[in-house]
Amino acid sequence: MEGDAKRMNSHAVFLNKIVQKDNYTFTIEWSDGLVKDYRLSELQRKCPCAGCVDENTGKRVMDESLIGNDVGAKNLFSIGRYALRINFTSGCSHGIYSFDFLREKF
């Protein structure tokens, strides 16, 4: 088990830098060199919180079509060394966006 944990950690990717690109997009530079843009409206449409996704079924309960493309962020918060929380200009701001989620889903 200890060897497996070491192997998994040796491949871990972390957030190096985050930069606001414009009012609707931010850019993350990952520790492995990947640079990726994240549109705030797309993130909000994929909000992982219990109010937007049924905890039992995993089905999305929030209507994604109600989120416009002009969603901005009031601010972003670091949640330890594993996630971001975004305070959107409108709609749900309860989701915690893990770094794994950001890498895998977007």
# chains A, B, ... in the order shown; residues from 1 in each chain; ligands from 1
>>> closest_atom_pairs(of="segment 11-38 of chain A", to="segment 72-84 of chain A", cutoff="12 Å", atoms="only C-alpha atoms", output="CSV")
residue,atom,partner,partner_atom,distance
A:Ala12,CA,A:Tyr82,CA,10.8
A:Val13,CA,A:Tyr82,CA,10.1
A:Phe14,CA,A:Tyr82,CA,7.9
A:Leu15,CA,A:Arg81,CA,8.3
A:Asn16,CA,A:Arg81,CA,10.7
A:Lys17,CA,A:Ser78,CA,11.7
A:Ile18,CA,A:Leu76,CA,9.9
A:Val19,CA,A:Leu76,CA,10.8
A:Gln20,CA,A:Ala73,CA,10.0
A:Lys21,CA,A:Gly72,CA,11.5
A:Asp22,CA,A:Gly72,CA,9.2
A:Asn23,CA,A:Gly72,CA,5.8
A:Tyr24,CA,A:Gly72,CA,5.0
A:Thr25,CA,A:Gly72,CA,7.9
A:Phe26,CA,A:Ala73,CA,9.7
A:Ile28,CA,A:Leu84,CA,11.3
A:Tyr38,CA,A:Gly72,CA,11.4
>>> select_by_dssp(residues="segment 10-103 of chain A", states="helix (DSSP H, G or I)", output="number ranges by chain")
A: 10, 40-45, 64-66, 99-103
>>> atom_distance(atom1="atom CA of Glu42 of chain A", atom2="atom CA of Asn69 of chain A")
8.0 Å
>>> closest_residue(among="A:Phe88, A:His94, A:Asp100, A:Phe106", to="Cys47 of chain A", atoms="only C-alpha atoms")
A:His94
>>> atom_distance(atom1="atom CA of Arg60 of chain A", atom2="atom CA of Leu102 of chain A")
17.5 Å
>>> atom_distance(atom1="atom CA of Glu29 of chain A", atom2="atom CA of Thr89 of chain A")
23.8 Å
>>> select_by_dssp(residues="chain A", states="strand (DSSP E or B)", output="MDAnalysis selection string")
chainID A and resid 15:22 25:30 35:39 53 60 73:79 83:88 96:98
>>> write_last_selection(atoms="C-alpha atoms", output="PDB file, in the first residue's frame")
ATOM      1  CA  LEU A  15      -1.974  24.391  -9.674  1.00  0.00           C
ATOM      2  CA  ASN A  16       1.077  26.586 -10.299  1.00  0.00           C
ATOM      3  CA  LYS A  17      -0.576  29.883 -11.180  1.00  0.00           C
ATOM      4  CA  ILE A  18      -4.036  31.293 -11.813  1.00  0.00           C
ATOM      5  CA  VAL A  19      -4.593  34.458 -13.878  1.00  0.00           C
ATOM      6  CA  GLN A  20      -7.744  36.358 -14.788  1.00  0.00           C
ATOM      7  CA  LYS A  21      -7.911  36.384 -18.597  1.00  0.00           C
ATOM      8  CA  ASP A  22     -11.021  38.571 -18.942  1.00  0.00           C
ATOM      9  CA  THR A  25     -12.446  33.474 -18.110  1.00  0.00           C
ATOM     10  CA  PHE A  26      -9.440  32.589 -16.012  1.00  0.00           C
ATOM     11  CA  THR A  27      -6.328  30.616 -16.909  1.00  0.00           C
ATOM     12  CA  ILE A  28      -4.604  27.949 -14.843  1.00  0.00           C
ATOM     13  CA  GLU A  29      -0.982  26.993 -15.340  1.00  0.00           C
ATOM     14  CA  TRP A  30      -0.538  23.456 -14.003  1.00  0.00           C
ATOM     15  CA  VAL A  35      -1.999  25.953 -19.517  1.00  0.00           C
ATOM     16  CA  LYS A  36      -5.780  25.877 -19.741  1.00  0.00           C
ATOM     17  CA  ASP A  37      -8.589  28.467 -19.920  1.00  0.00           C
ATOM     18  CA  TYR A  38     -11.742  28.035 -17.833  1.00  0.00           C
ATOM     19  CA  ARG A  39     -14.956  29.838 -18.777  1.00  0.00           C
ATOM     20  CA  VAL A  53     -26.474  17.464  -8.412  1.00  0.00           C
ATOM     21  CA  ARG A  60     -27.980  17.147 -12.463  1.00  0.00           C
ATOM     22  CA  ALA A  73     -16.784  35.902 -10.620  1.00  0.00           C
ATOM     23  CA  LYS A  74     -16.699  38.240  -7.661  1.00  0.00           C
ATOM     24  CA  ASN A  75     -13.732  36.278  -6.333  1.00  0.00           C
ATOM     25  CA  LEU A  76     -12.045  32.877  -6.174  1.00  0.00           C
ATOM     26  CA  PHE A  77     -10.943  31.168  -2.980  1.00  0.00           C
ATOM     27  CA  SER A  78      -8.316  28.520  -2.540  1.00  0.00           C
ATOM     28  CA  ILE A  79      -9.569  25.526  -0.572  1.00  0.00           C
ATOM     29  CA  ALA A  83      -9.630  22.961  -4.826  1.00  0.00           C
ATOM     30  CA  LEU A  84     -11.149  26.336  -5.713  1.00  0.00           C
ATOM     31  CA  ARG A  85     -14.429  27.868  -4.641  1.00  0.00           C
ATOM     32  CA  ILE A  86     -15.854  30.528  -6.937  1.00  0.00           C
ATOM     33  CA  ASN A  87     -18.199  33.293  -5.843  1.00  0.00           C
ATOM     34  CA  PHE A  88     -20.108  33.812  -9.103  1.00  0.00           C
ATOM     35  CA  ILE A  96     -16.037  23.227  -4.593  1.00  0.00           C
ATOM     36  CA  TYR A  97     -14.019  22.623  -7.763  1.00  0.00           C
ATOM     37  CA  SER A  98     -11.252  20.168  -6.934  1.00  0.00           C
TER      38      SER A  98
END
>>> residues_around(residues="Gly95 of chain A", least_positions_apart="2", cutoff="6 Å", atoms="only C-alpha atoms", output="list in words")
Cys47, Pro48, Cys49 and Ser93 of chain A
>>> closest_residue(among="A:Ala50, A:Leu34, A:Val61, A:Leu43", to="Lys105 of chain A", atoms="only C-alpha atoms")
A:Leu43
